[in-house]
file query03.txt (compact mmCIF, C-alpha atoms)
# COMPACT_ATOMS: atom_id res chain seq x y z
CA MET E 27 71.82 93.62 80.05
CA PRO E 28 74.71 94.58 82.36
CA PHE E 29 75.02 98.15 83.59
CA ILE E 30 78.36 99.56 82.44
CA ALA E 31 79.85 102.71 83.99
CA ASP E 32 82.94 104.80 83.26
CA PHE E 33 83.43 107.35 86.03
CA HIS E 34 86.77 108.98 85.15
CA ILE E 35 86.62 111.14 82.02
CA HIS E 36 87.33 114.75 81.14
CA SER E 37 85.54 117.64 79.46
CA LYS E 38 86.72 120.03 76.77
CA TYR E 39 87.90 122.31 79.58
CA SER E 40 90.78 120.01 80.51
CA ARG E 41 94.12 120.41 78.80
CA ALA E 42 94.91 118.13 75.86
CA THR E 43 91.30 117.10 75.33
CA ALA E 44 89.15 117.05 72.21
CA LYS E 45 87.05 120.12 71.47
CA ASP E 46 83.91 117.97 71.31
CA MET E 47 84.23 116.57 74.84
CA ASP E 48 80.78 117.90 75.68
CA LEU E 49 77.57 116.28 76.93
CA ALA E 50 76.14 115.72 73.46
CA ALA E 51 79.20 113.84 72.19
CA LEU E 52 79.61 111.91 75.43
CA ALA E 53 75.99 110.74 75.37
CA LYS E 54 76.30 109.79 71.70
CA TRP E 55 79.39 107.67 72.25
CA ALA E 56 78.03 106.14 75.45
CA LYS E 57 75.16 104.72 73.40
CA ILE E 58 77.55 103.49 70.70
CA LYS E 59 79.75 101.77 73.26
CA GLY E 60 76.94 100.42 75.42
CA ILE E 61 77.74 102.52 78.50
CA SER E 62 74.84 103.30 80.84
CA MET E 63 76.55 105.76 83.19
CA LEU E 64 79.39 108.27 82.93
CA GLY E 65 81.18 110.51 85.34
CA THR E 66 80.87 114.15 84.36
CA GLY E 67 84.54 114.90 84.92
CA ASP E 68 85.84 118.40 85.64
CA PHE E 69 82.99 119.68 87.84
CA THR E 70 85.32 122.13 89.61
CA HIS E 71 85.71 124.08 86.37
CA PRO E 72 83.20 126.96 86.69
CA VAL E 73 82.15 127.01 83.02
CA TRP E 74 81.69 123.23 82.84
CA LEU E 75 79.76 123.24 86.13
CA SER E 76 77.48 125.92 84.68
CA GLU E 77 76.85 123.73 81.63
CA LEU E 78 76.12 120.75 83.86
CA ARG E 79 73.64 122.80 85.86
CA THR E 80 71.90 123.95 82.69
CA LYS E 81 71.83 120.72 80.70
CA LEU E 82 71.67 117.84 83.14
CA GLN E 83 68.28 116.69 84.35
CA LYS E 84 67.93 115.54 87.93
CA THR E 85 66.44 112.05 88.30
CA ASP E 86 64.64 110.36 91.17
CA ALA E 87 67.74 108.23 91.80
CA PRO E 88 70.08 109.72 94.44
CA GLY E 89 73.07 111.47 92.89
CA VAL E 90 72.12 110.56 89.32
CA TYR E 91 71.58 113.12 86.56
CA ARG E 92 70.60 112.46 82.95
CA TYR E 93 71.35 113.83 79.51
CA ASP E 94 69.82 112.38 76.36
CA GLY E 95 69.09 109.03 77.96
CA VAL E 96 72.52 108.57 79.57
CA ASP E 97 73.03 108.72 83.35
CA PHE E 98 75.77 110.87 84.89
CA ILE E 99 77.37 111.04 88.33
CA LEU E 100 79.36 114.12 89.34
CA THR E 101 83.12 113.54 89.29
CA VAL E 102 86.35 115.47 88.92
CA GLU E 103 90.02 114.49 88.81
CA VAL E 104 92.34 116.79 90.71
CA SER E 105 96.13 116.93 90.78
CA ASN E 106 97.48 117.25 94.32
CA ILE E 107 101.05 118.56 94.17
CA TYR E 108 102.85 119.32 97.43
CA PHE E 109 106.05 118.73 99.40
CA LYS E 110 106.03 116.02 102.05
CA ALA E 111 108.66 113.89 103.81
CA GLY E 112 111.52 115.33 101.81
CA ARG E 113 109.96 114.91 98.35
CA THR E 114 107.59 116.66 96.00
CA ARG E 115 104.44 114.53 95.78
CA LYS E 116 102.15 114.44 92.74
CA VAL E 117 98.96 112.45 93.20
CA HIS E 118 95.82 112.41 91.08
CA ASN E 119 92.54 111.80 92.89
CA ILE E 120 88.99 111.38 91.57
CA ILE E 121 86.37 113.13 93.72
CA PHE E 122 82.73 111.98 93.62
CA ALA E 123 79.96 114.40 94.67
CA PRO E 124 76.34 113.47 95.48
CA THR E 125 74.67 116.67 94.19
CA LEU E 126 75.36 119.72 92.06
CA GLU E 127 75.02 121.87 95.17
CA THR E 128 77.72 119.82 96.90
CA ALA E 129 79.92 120.04 93.80
CA GLU E 130 79.66 123.82 93.99
CA GLU E 131 80.67 123.76 97.67
CA ILE E 132 83.64 121.55 96.81
CA GLY E 133 84.72 124.11 94.23
CA ARG E 134 84.56 126.92 96.76
CA ALA E 135 86.63 124.94 99.26
CA LEU E 136 89.28 123.88 96.73
CA SER E 137 89.61 127.36 95.22
CA GLU E 138 91.80 128.19 98.24
CA TYR E 139 94.40 125.71 96.93
CA GLY E 140 94.48 126.34 93.18
CA GLU E 141 93.09 128.20 90.18
CA LEU E 142 90.07 126.14 89.20
CA SER E 143 89.27 127.96 85.96
CA SER E 144 92.68 127.27 84.40
CA ASP E 145 92.13 123.53 83.87
CA GLY E 146 89.33 120.99 84.20
CA ARG E 147 91.81 118.90 86.16
CA PRO E 148 93.05 121.57 88.55
CA ILE E 149 96.41 121.58 90.28
CA LEU E 150 95.97 121.88 94.05
CA SER E 151 98.52 122.55 96.76
CA ALA E 152 96.44 120.64 99.32
CA GLU E 153 97.85 117.44 100.80
CA CYS E 154 95.69 114.40 100.05
CA ASP E 155 94.78 113.76 103.69
CA ARG E 156 93.95 117.42 104.30
CA MET E 157 91.73 117.52 101.22
CA VAL E 158 89.78 114.44 102.31
CA LYS E 159 89.28 115.85 105.79
CA LEU E 160 88.20 119.23 104.45
CA LEU E 161 85.69 117.93 101.92
CA THR E 162 84.09 115.21 104.02
CA ARG E 163 83.17 117.94 106.50
CA ILE E 164 81.04 119.42 103.72
CA ASP E 165 79.26 116.11 103.12
CA PRO E 166 80.29 112.64 104.38
CA LYS E 167 78.95 111.15 101.14
CA ILE E 168 81.75 112.78 99.15
CA PHE E 169 84.27 110.08 98.39
CA PHE E 170 87.69 109.77 96.77
CA VAL E 171 89.42 107.29 94.47
CA PRO E 172 93.17 107.60 93.88
CA GLY E 173 93.49 107.77 90.08
CA HIS E 174 95.62 105.40 87.96
CA ALA E 175 97.33 104.48 91.20
CA TRP E 176 100.60 103.12 89.76
CA THR E 177 101.64 105.46 86.94
CA PRO E 178 105.14 106.90 87.55
CA HIS E 179 104.53 110.64 87.50
CA PHE E 180 101.12 111.46 89.01
CA SER E 181 99.77 108.75 91.30
CA MET E 182 99.61 107.46 94.85
CA PHE E 183 102.21 104.73 94.26
CA GLY E 184 104.08 106.39 91.39
CA SER E 185 107.81 105.65 91.26
CA ASN E 186 108.70 109.31 90.73
CA SER E 187 106.51 111.15 93.22
CA GLY E 188 104.26 108.72 95.11
CA PHE E 189 104.14 106.89 98.41
CA ASP E 190 104.93 103.35 99.57
CA SER E 191 101.53 102.76 101.16
CA PRO E 192 98.03 104.24 101.28
CA GLU E 193 98.63 105.23 104.91
CA GLU E 194 101.66 107.36 104.02
CA CYS E 195 99.51 109.24 101.52
CA PHE E 196 96.23 109.65 103.40
CA GLU E 197 97.41 109.28 107.04
CA ASP E 198 94.46 109.38 109.48
CA GLN E 199 92.00 109.74 106.58
CA THR E 200 92.94 106.40 104.98
CA ALA E 201 89.86 104.65 106.35
CA LYS E 202 87.72 106.96 104.20
CA ILE E 203 89.33 105.62 101.02
CA CYS E 204 87.44 102.53 99.87
CA SER E 205 88.50 102.21 96.23
CA ILE E 206 91.57 102.52 94.01
CA GLU E 207 91.68 102.96 90.24
CA THR E 208 94.02 100.45 88.61
CA GLY E 209 94.85 102.57 85.54
CA LEU E 210 95.67 101.44 82.01
CA SER E 211 99.10 100.03 82.93
CA SER E 212 97.90 97.72 85.71
CA ASP E 213 94.97 95.37 86.25
CA PRO E 214 93.36 93.67 89.27
CA ALA E 215 95.62 90.60 89.02
CA MET E 216 98.65 92.82 89.53
CA ASN E 217 97.07 94.66 92.46
CA TRP E 218 96.05 91.40 94.15
CA ARG E 219 99.73 90.64 94.64
CA TRP E 220 100.00 93.27 97.40
CA SER E 221 98.06 92.29 100.53
CA LYS E 222 97.97 95.90 101.73
CA LEU E 223 95.38 96.58 99.01
CA ASP E 224 93.03 93.74 99.94
CA ARG E 225 90.43 95.95 101.59
CA PHE E 226 90.09 98.32 98.62
CA CYS E 227 87.55 97.75 95.86
CA LEU E 228 89.40 98.05 92.56
CA MET E 229 87.88 100.32 89.93
CA SER E 230 88.72 100.83 86.25
CA ASN E 231 87.90 103.83 84.08
CA SER E 232 88.99 105.25 80.75
CA ASP E 233 90.44 108.64 81.77
CA ALA E 234 89.18 109.59 78.31
CA HIS E 235 90.28 112.82 76.65
CA SER E 236 88.15 112.28 73.52
CA PRO E 237 84.61 110.89 73.18
CA SER E 238 85.53 107.75 71.23
CA LYS E 239 87.91 106.66 74.01
CA ILE E 240 85.28 106.40 76.75
CA GLY E 241 84.85 102.88 78.04
CA ARG E 242 88.32 101.63 77.08
CA GLU E 243 88.28 100.64 80.74
CA ALA E 244 85.03 100.51 82.70
CA ASN E 245 83.02 98.86 85.49
CA VAL E 246 80.26 96.30 84.91
CA PHE E 247 77.44 96.12 87.46
CA GLU E 248 74.76 93.47 87.80
CA ASP E 249 71.99 96.05 87.54
CA LYS E 250 71.28 99.78 87.59
CA ILE E 251 72.96 101.79 90.35
CA ASP E 252 72.64 105.22 91.93
CA TYR E 253 75.18 107.22 93.91
CA ASN E 254 74.34 105.58 97.23
CA ASP E 255 74.48 102.13 95.65
CA LEU E 256 77.92 102.85 94.22
CA LEU E 257 79.31 104.02 97.54
CA GLY E 258 77.89 100.96 99.31
CA ILE E 259 79.25 98.57 96.68
CA LEU E 260 82.73 100.06 96.92
CA LYS E 261 82.76 100.03 100.72
CA THR E 262 81.76 96.36 100.90
CA ARG E 263 83.59 95.15 97.75
CA ASN E 264 80.27 93.67 96.69
CA LYS E 265 81.13 91.23 93.90
CA GLU E 266 77.47 90.26 93.52
CA ARG E 267 76.72 93.74 92.18
CA LEU E 268 80.08 94.86 90.77
CA LEU E 269 80.55 91.85 88.53
CA TYR E 270 83.84 92.71 86.87
CA THR E 271 85.94 95.50 85.43
CA ILE E 272 86.82 95.96 81.78
CA GLU E 273 90.58 96.26 81.41
CA PHE E 274 93.25 97.08 78.87
CA PHE E 275 95.86 94.39 78.60
CA PRO E 276 98.15 96.20 81.07
CA GLU E 277 101.17 95.75 78.81
CA GLU E 278 99.40 98.10 76.39
CA GLY E 279 99.50 100.93 78.93
CA LYS E 280 102.00 103.76 78.52
CA TYR E 281 104.01 102.93 81.64
CA HIS E 282 103.95 99.16 82.03
CA TRP E 283 107.69 98.55 81.59
CA ASP E 284 110.72 100.71 82.32
CA GLY E 285 112.46 102.73 79.69
CA HIS E 286 113.67 105.93 78.12
CA ARG E 287 111.48 107.15 75.28
CA ASN E 288 114.03 109.57 73.80
CA CYS E 289 116.44 106.69 73.23
CA LYS E 290 113.71 104.19 72.28
CA THR E 291 114.93 102.03 75.17
CA ARG E 292 112.38 99.55 76.53
CA LEU E 293 113.42 97.43 79.52
CA SER E 294 111.74 94.76 81.60
CA PRO E 295 112.09 95.28 85.38
CA ARG E 296 114.79 92.61 85.48
CA GLU E 297 116.73 94.24 82.63
CA ALA E 298 116.47 97.65 84.29
CA MET E 299 117.76 96.26 87.57
CA LYS E 300 120.81 94.84 85.77
CA THR E 301 121.69 98.32 84.49
CA ASN E 302 120.95 99.92 87.88
CA ASN E 303 117.96 101.68 86.22
CA ILE E 304 120.27 103.53 83.84
CA CYS E 305 119.54 103.87 80.13
CA PRO E 306 122.23 101.89 78.27
CA VAL E 307 122.13 104.40 75.38
CA CYS E 308 122.50 107.81 77.06
CA GLY E 309 123.42 106.95 80.64
CA LYS E 310 120.46 108.80 82.17
CA LYS E 311 117.99 107.27 84.61
CA VAL E 312 115.08 105.44 82.99
CA THR E 313 111.45 105.97 83.95
CA ILE E 314 110.51 103.16 86.35
CA GLY E 315 107.30 101.58 85.11
CA VAL E 316 104.33 100.05 86.88
CA MET E 317 105.56 96.45 86.78
CA HIS E 318 108.90 97.35 88.35
CA ARG E 319 107.24 99.45 91.03
CA LEU E 320 104.79 96.68 91.84
CA GLU E 321 107.54 94.09 92.14
CA GLY E 322 109.14 96.26 94.81
CA LEU E 323 105.99 96.36 96.95
CA ALA E 324 104.21 93.07 96.24
CA ASP E 325 104.22 90.33 98.88
CA ARG E 326 102.54 87.62 96.79
CA ASP E 327 103.66 85.65 93.75
CA GLU E 328 102.42 86.36 90.26
CA GLY E 329 99.20 84.45 89.59
CA TYR E 330 97.63 84.98 93.01
CA ILE E 331 93.83 85.32 92.75
CA ASP E 332 91.71 87.23 95.27
CA ARG E 333 88.48 85.23 95.29
CA THR E 334 86.73 87.91 97.36
CA SER E 335 87.24 90.60 94.71
CA PRO E 336 85.13 91.36 91.65
CA SER E 337 86.66 89.77 88.56
CA PHE E 338 87.88 91.41 85.33
CA LYS E 339 87.91 90.93 81.57
CA ARG E 340 90.58 92.23 79.23
CA VAL E 341 89.52 93.78 75.93
CA VAL E 342 91.00 95.37 72.83
CA PRO E 343 88.81 98.15 71.37
CA LEU E 344 86.74 97.05 68.40
CA ALA E 345 88.29 99.65 66.07
CA GLU E 346 91.74 98.22 66.78
CA VAL E 347 90.55 94.69 66.01
CA ILE E 348 88.97 95.85 62.74
CA GLY E 349 92.09 97.82 61.81
CA GLU E 350 94.36 94.83 62.26
CA ALA E 351 91.90 92.60 60.44
CA PHE E 352 91.95 95.02 57.50
CA GLU E 353 95.70 95.62 57.90
CA VAL E 354 95.14 99.39 58.10
CA GLY E 355 95.26 101.97 60.89
CA ALA E 356 92.48 101.97 63.48
CA ASP E 357 91.72 105.61 62.61
CA SER E 358 91.28 104.97 58.88
CA VAL E 359 88.08 105.72 57.00
CA ARG E 360 87.70 102.05 56.13
CA VAL E 361 87.76 101.04 59.79
CA GLU E 362 85.30 103.79 60.71
CA ARG E 363 82.89 102.61 58.02
CA GLU E 364 83.04 98.99 59.13
CA TYR E 365 82.85 99.94 62.83
CA PHE E 366 79.58 101.82 62.39
CA ARG E 367 78.18 99.11 60.13
CA LEU E 368 78.72 96.58 62.92
CA ILE E 369 77.24 98.91 65.54
CA LYS E 370 74.16 99.45 63.36
CA ASN E 371 73.68 95.71 62.87
CA PHE E 372 74.53 94.39 66.34
CA GLY E 373 73.76 97.16 68.84
CA THR E 374 76.81 98.31 70.79
CA GLU E 375 80.56 97.79 70.91
CA PHE E 376 80.44 96.02 74.27
CA ARG E 377 77.71 93.68 73.07
CA ILE E 378 79.99 92.64 70.22
CA LEU E 379 83.16 92.38 72.30
CA LEU E 380 81.72 90.76 75.43
CA GLU E 381 78.27 89.26 74.92
CA MET E 382 77.91 87.76 71.46
CA SER E 383 78.58 84.03 71.44
CA ALA E 384 81.42 82.57 69.43
CA LYS E 385 78.83 80.98 67.16
CA ASP E 386 77.07 84.30 66.53
CA LEU E 387 80.35 86.10 65.93
CA LYS E 388 81.44 83.54 63.35
CA GLU E 389 78.07 83.51 61.63
CA SER E 390 77.42 87.27 61.66
CA LEU E 391 80.76 89.07 61.38
CA PRO E 392 83.45 88.94 58.70
CA GLU E 393 85.61 85.92 59.51
CA ARG E 394 88.78 87.85 60.27
CA ILE E 395 87.08 90.27 62.67
CA ALA E 396 85.26 87.45 64.46
CA GLN E 397 88.53 85.57 64.88
CA GLY E 398 90.25 88.68 66.22
CA ILE E 399 87.59 89.14 68.92
CA LEU E 400 87.88 85.47 69.88
CA ASN E 401 91.66 85.76 70.02
CA VAL E 402 91.31 88.64 72.49
CA ARG E 403 88.83 86.70 74.63
CA GLY E 404 91.22 83.79 74.80
CA GLY E 405 94.31 85.92 75.40
CA ASN E 406 95.78 84.57 72.16
CA ILE E 407 97.52 87.81 71.22
CA GLU E 408 101.01 89.32 71.18
CA ILE E 409 101.91 92.53 73.00
CA THR E 410 104.99 94.72 73.00
CA PRO E 411 104.86 96.47 76.42
CA GLY E 412 104.48 100.22 76.70
CA TYR E 413 107.12 102.34 78.46
CA ASP E 414 107.92 105.93 79.42
CA GLY E 415 104.76 107.44 77.91
CA GLU E 416 104.62 105.18 74.82
CA TYR E 417 101.60 102.91 74.49
CA GLY E 418 102.31 99.22 74.03
CA LYS E 419 101.51 97.57 70.72
CA VAL E 420 98.91 94.81 70.58
CA LYS E 421 98.84 92.24 67.79
CA VAL E 422 95.47 90.53 67.77
CA PHE E 423 96.68 88.08 65.11
CA ARG E 424 99.82 86.06 65.56
CA GLU E 425 102.41 85.69 62.86
CA GLY E 426 101.00 83.51 60.09
CA GLU E 427 97.34 84.22 60.86
CA LYS E 428 96.64 85.85 57.50
CA PRO E 429 93.15 86.59 56.17
CA LYS E 430 91.81 84.18 53.58
CA ASP E 431 90.09 87.07 51.86
CA LYS E 432 92.00 90.34 51.93
CA GLN E 433 88.80 92.19 51.03
CA LEU E 434 86.92 90.85 54.11
CA SER E 435 83.70 90.95 52.14
CA PHE E 436 81.03 93.35 53.36
CA PHE E 437 77.49 92.10 53.88

call {"tool": "encode", "arguments": {"input": "query03.txt", "output": "structure tokens"}}
result
Amino acid sequence: MPFIADFHIHSKYSRATAKDMDLAALAKWAKIKGISMLGTGDFTHPVWLSELRTKLQKTDAPGVYRYDGVDFILTVEVSNIYFKAGRTRKVHNIIFAPTLETAEEIGRALSEYGELSSDGRPILSAECDRMVKLLTRIDPKIFFVPGHAWTPHFSMFGSNSGFDSPEECFEDQTAKICSIETGLSSDPAMNWRWSKLDRFCLMSNSDAHSPSKIGREANVFEDKIDYNDLLGILKTRNKERLLYTIEFFPEEGKYHWDGHRNCKTRLSPREAMKTNNICPVCGKKVTIGVMHRLEGLADRDEGYIDRTSPSFKRVVPLAEVIGEAFEVGADSVRVEREYFRLIKNFGTEFRILLEMSAKDLKESLPERIAQGILNVRGGNIEITPGYDGEYGKVKVFREGEKPKDKQLSFF
């Protein structure tokens, strides 16, 4: 069985998160999804850190803690907001810590730059390069991953407040950055188009704010890893151990295309360029999305493949497939009932989505659900791209693919 890890999540102490984002719910959903390792998220928050100290069990594996059979590595996302080179910069970074003791030291150091108890994802006035330099003095095994690197508002390459290269962001500390998180609105294929990113190992995580959303993006390893393994894999871009990442279809992300949500204006990069990035409805500037931003920096054509990089697989969450198969919302009671029936019968969500053969899917699952999963695997879907904070809309079934049996008979 592959070893699946999702390192970027949040706790109930972050803003706009579910009240049950605690260790018990995270471990429960990790087992449902088929995730072997999670990041803790939010370790700079003093109350969450206290809970982690009390509830996590230290293992023999370096940097790995355990709760209810699920492995955890210490992580936190921070929001670095500061003025540099004539602009206000807003960059989210994921910090990885090797021990609880080190996490506590990180908290003490960062408390000089922001109020850590106000949010699980604290706002810090520290420049990215200064933060890296400061924290690696505490422990050289601390490492950093720029979060959702392309989103417009809070990322290293964001169109609104980011930089035009890793070196502009991290300056003389850039060599210490070995990985970048692609985010929901981009995938490895998009990042491969910019040669400046070739040396970075691409990572994908859910950035989950509720337990059921963990694993919507994740990392699939060949076998079990510990903290030292992870750092070594990222530094060497070891595709023999990091087999592939699990990705959204990037068009489904909230910032893939350009647009203006208030006016319901969605524009491709080419369409936005024709209007000089102005909303044709209200005349205000549109939010420049990930695809547009990438086109401005990329130096390779679409379709370029980096053969030295770990691969990736795109997925649509099982609940969404079931919902479309049933022609009801993914959050409906009917979908929930069928979802847990399938989990009970076949193990985990990722086993169903990624590992079951086409033959087994067709023989074991309701026909419509099996076909939906196979459509996703083959990329035979339709997507309306997301823009300006609105998720894109995925249609797993093309027009005319109607169910033979509207009831989708239960077994």

call {"tool": "closest_residue", "arguments": {"input": "query03.txt", "among": "E:Gly60, E:Gly173, E:Pro178, E:Pro88", "to": "E:Ile203", "atoms": "only C-alpha atoms"}}
result
E:Gly173

call {"tool": "residues_around", "arguments": {"input": "query03.txt", "residues": "stretch 65-75 of chain E", "least_positions_apart": "4", "cutoff": "9 Å", "atoms": "only C-alpha atoms", "output": "number ranges by chain"}}
result
E: 31-40, 48-49, 79-80, 97-104, 120, 122, 126, 129-130, 132-134, 136-137, 142-148

call {"tool": "closest_residue", "arguments": {"input": "query03.txt", "among": "E:Phe352, E:Lys59, E:Gly398, E:Met27", "to": "E:Glu381", "atoms": "only C-alpha atoms"}}
result
E:Met27

call {"tool": "atom_distance", "arguments": {"input": "query03.txt", "atom1": "atom CA of E:Lys280", "atom2": "atom CA of E:Gly412"}}
result
4.7 Å

call {"tool": "atom_distance", "arguments": {"input": "query03.txt", "atom1": "atom CA of E:Ile314", "atom2": "atom CA of E:Ser335"}}
result
27.7 Å

call {"tool": "residues_around", "arguments": {"input": "query03.txt", "residues": "E:Ala345", "least_positions_apart": "2", "cutoff": "7 Å", "atoms": "all atoms listed in the file", "output": "number ranges by chain"}}
result
E: 343, 347-349, 356, 361, 365

call {"tool": "atom_distance", "arguments": {"input": "query03.txt", "atom1": "atom CA of E:Lys261", "atom2": "atom CA of E:Ile121"}}
result
15.3 Å

call {"tool": "residues_near_point", "arguments": {"input": "query03.txt", "point": "(94.2, 91.8, 70.9)", "cutoff": "6 Å", "atoms": "only C-alpha atoms", "output": "PyMOL selection string"}}
result
chain E and resi 342+402+407+420-422

call {"tool": "closest_residue", "arguments": {"input": "query03.txt", "among": "E:Glu321, E:Asp252, E:Asp332, E:Asp155", "to": "E:Lys265", "atoms": "only C-alpha atoms"}}
result
E:Asp332

call {"tool": "closest_atom_pairs", "arguments": {"input": "query03.txt", "of": "stretch 302-402 of chain E", "to": "stretch 224-231 of chain E", "cutoff": "12 Å", "atoms": "only C-alpha atoms", "output": "CSV"}}
result
residue,atom,partner,partner_atom,distance
E:Ala324,CA,E:Asp224,CA,11.8
E:Asp325,CA,E:Asp224,CA,11.7
E:Arg326,CA,E:Asp224,CA,11.7
E:Ile331,CA,E:Asp224,CA,11.1
E:Asp332,CA,E:Asp224,CA,8.1
E:Arg333,CA,E:Asp224,CA,10.7
E:Thr334,CA,E:Asp224,CA,9.0
E:Ser335,CA,E:Cys227,CA,7.2
E:Pro336,CA,E:Leu228,CA,8.0
E:Ser337,CA,E:Leu228,CA,9.6
E:Phe338,CA,E:Ser230,CA,9.5
E:Lys339,CA,E:Ser230,CA,11.0
E:Arg340,CA,E:Ser230,CA,11.3

call {"tool": "residues_near_point", "arguments": {"input": "query03.txt", "point": "(98.7, 98.4, 71.1)", "cutoff": "9 Å", "atoms": "only C-alpha atoms", "output": "PyMOL selection string"}}
result
chain E and resi 275+277-279+342+346+409-412+417-421

call {"tool": "closest_residue", "arguments": {"input": "query03.txt", "among": "E:Lys388, E:His235, E:His286, E:Arg296", "to": "E:Lys45", "atoms": "all atoms listed in the file"}}
result
E:His235

call {"tool": "residues_around", "arguments": {"input": "query03.txt", "residues": "E:Lys385", "least_positions_apart": "6", "cutoff": "12 Å", "atoms": "only C-alpha atoms", "output": "PyMOL selection string"}}
result
chain E and resi 391+393+396-397+400

call {"tool": "closest_residue", "arguments": {"input": "query03.txt", "among": "E:Arg156, E:Pro214, E:His282, E:Arg163", "to": "E:Glu197", "atoms": "only C-alpha atoms"}}
result
E:Arg156

call {"tool": "residues_around", "arguments": {"input": "query03.txt", "residues": "stretch 378-380 of chain E", "least_positions_apart": "6", "cutoff": "8 Å", "atoms": "only C-alpha atoms", "output": "list in words"}}
result
Val341, Leu344, Phe372, Leu387 and Ile399 of chain E

call {"tool": "residues_around", "arguments": {"input": "query03.txt", "residues": "E:Glu194", "least_positions_apart": "4", "cutoff": "12 Å", "atoms": "only C-alpha atoms", "output": "MDAnalysis selection string"}}
result
chainID E and resid 110:111 115 153:155 182:183 188:190 198:200

call {"tool": "closest_residue", "arguments": {"input": "query03.txt", "among": "E:Val316, E:Met157, E:Ile304, E:Ile30", "to": "E:Thr208", "atoms": "only C-alpha atoms"}}
result
E:Val316

call {"tool": "build_atoms", "arguments": {"input": "query03.txt", "residues": "stretch 64-76 of chain E", "atoms": "N, CA and C atoms", "output": "mmCIF file, in the coordinates of the input"}}
result
data_model
loop_
_atom_site.group_PDB
_atom_site.id
_atom_site.type_symbol
_atom_site.label_atom_id
_atom_site.label_comp_id
_atom_site.auth_asym_id
_atom_site.auth_seq_id
_atom_site.Cartn_x
_atom_site.Cartn_y
_atom_site.Cartn_z
ATOM 1 N N LEU E 64 78.093 107.612 83.033
ATOM 2 C CA LEU E 64 79.390 108.270 82.930
ATOM 3 C C LEU E 64 79.603 109.199 84.116
ATOM 4 N N GLY E 65 80.848 109.386 84.494
ATOM 5 C CA GLY E 65 81.180 110.510 85.340
ATOM 6 C C GLY E 65 81.167 111.771 84.499
ATOM 7 N N THR E 66 80.881 112.889 85.118
ATOM 8 C CA THR E 66 80.870 114.150 84.360
ATOM 9 C C THR E 66 82.279 114.628 84.064
ATOM 10 N N GLY E 67 83.221 114.301 84.979
ATOM 11 C CA GLY E 67 84.540 114.900 84.920
ATOM 12 C C GLY E 67 84.476 116.396 85.165
ATOM 13 N N ASP E 68 85.553 116.957 85.694
ATOM 14 C CA ASP E 68 85.840 118.400 85.640
ATOM 15 C C ASP E 68 84.826 119.307 86.322
ATOM 16 N N PHE E 69 84.064 118.817 87.312
ATOM 17 C CA PHE E 69 82.990 119.680 87.840
ATOM 18 C C PHE E 69 83.503 120.879 88.622
ATOM 19 N N THR E 70 84.801 120.933 88.936
ATOM 20 C CA THR E 70 85.320 122.130 89.610
ATOM 21 C C THR E 70 85.557 123.281 88.642
ATOM 22 N N HIS E 71 85.535 122.998 87.333
ATOM 23 C CA HIS E 71 85.710 124.080 86.370
ATOM 24 C C HIS E 71 84.412 124.884 86.294
ATOM 25 N N PRO E 72 84.446 126.193 86.558
ATOM 26 C CA PRO E 72 83.200 126.960 86.690
ATOM 27 C C PRO E 72 82.336 126.962 85.427
ATOM 28 N N VAL E 73 82.958 126.983 84.249
ATOM 29 C CA VAL E 73 82.150 127.010 83.020
ATOM 30 C C VAL E 73 81.501 125.643 82.783
ATOM 31 N N TRP E 74 82.252 124.578 83.008
ATOM 32 C CA TRP E 74 81.690 123.230 82.840
ATOM 33 C C TRP E 74 80.585 122.982 83.868
ATOM 34 N N LEU E 75 80.794 123.407 85.106
ATOM 35 C CA LEU E 75 79.760 123.240 86.130
ATOM 36 C C LEU E 75 78.495 123.981 85.730
ATOM 37 N N SER E 76 78.640 125.169 85.142
ATOM 38 C CA SER E 76 77.480 125.920 84.680
ATOM 39 C C SER E 76 76.741 125.156 83.587
#
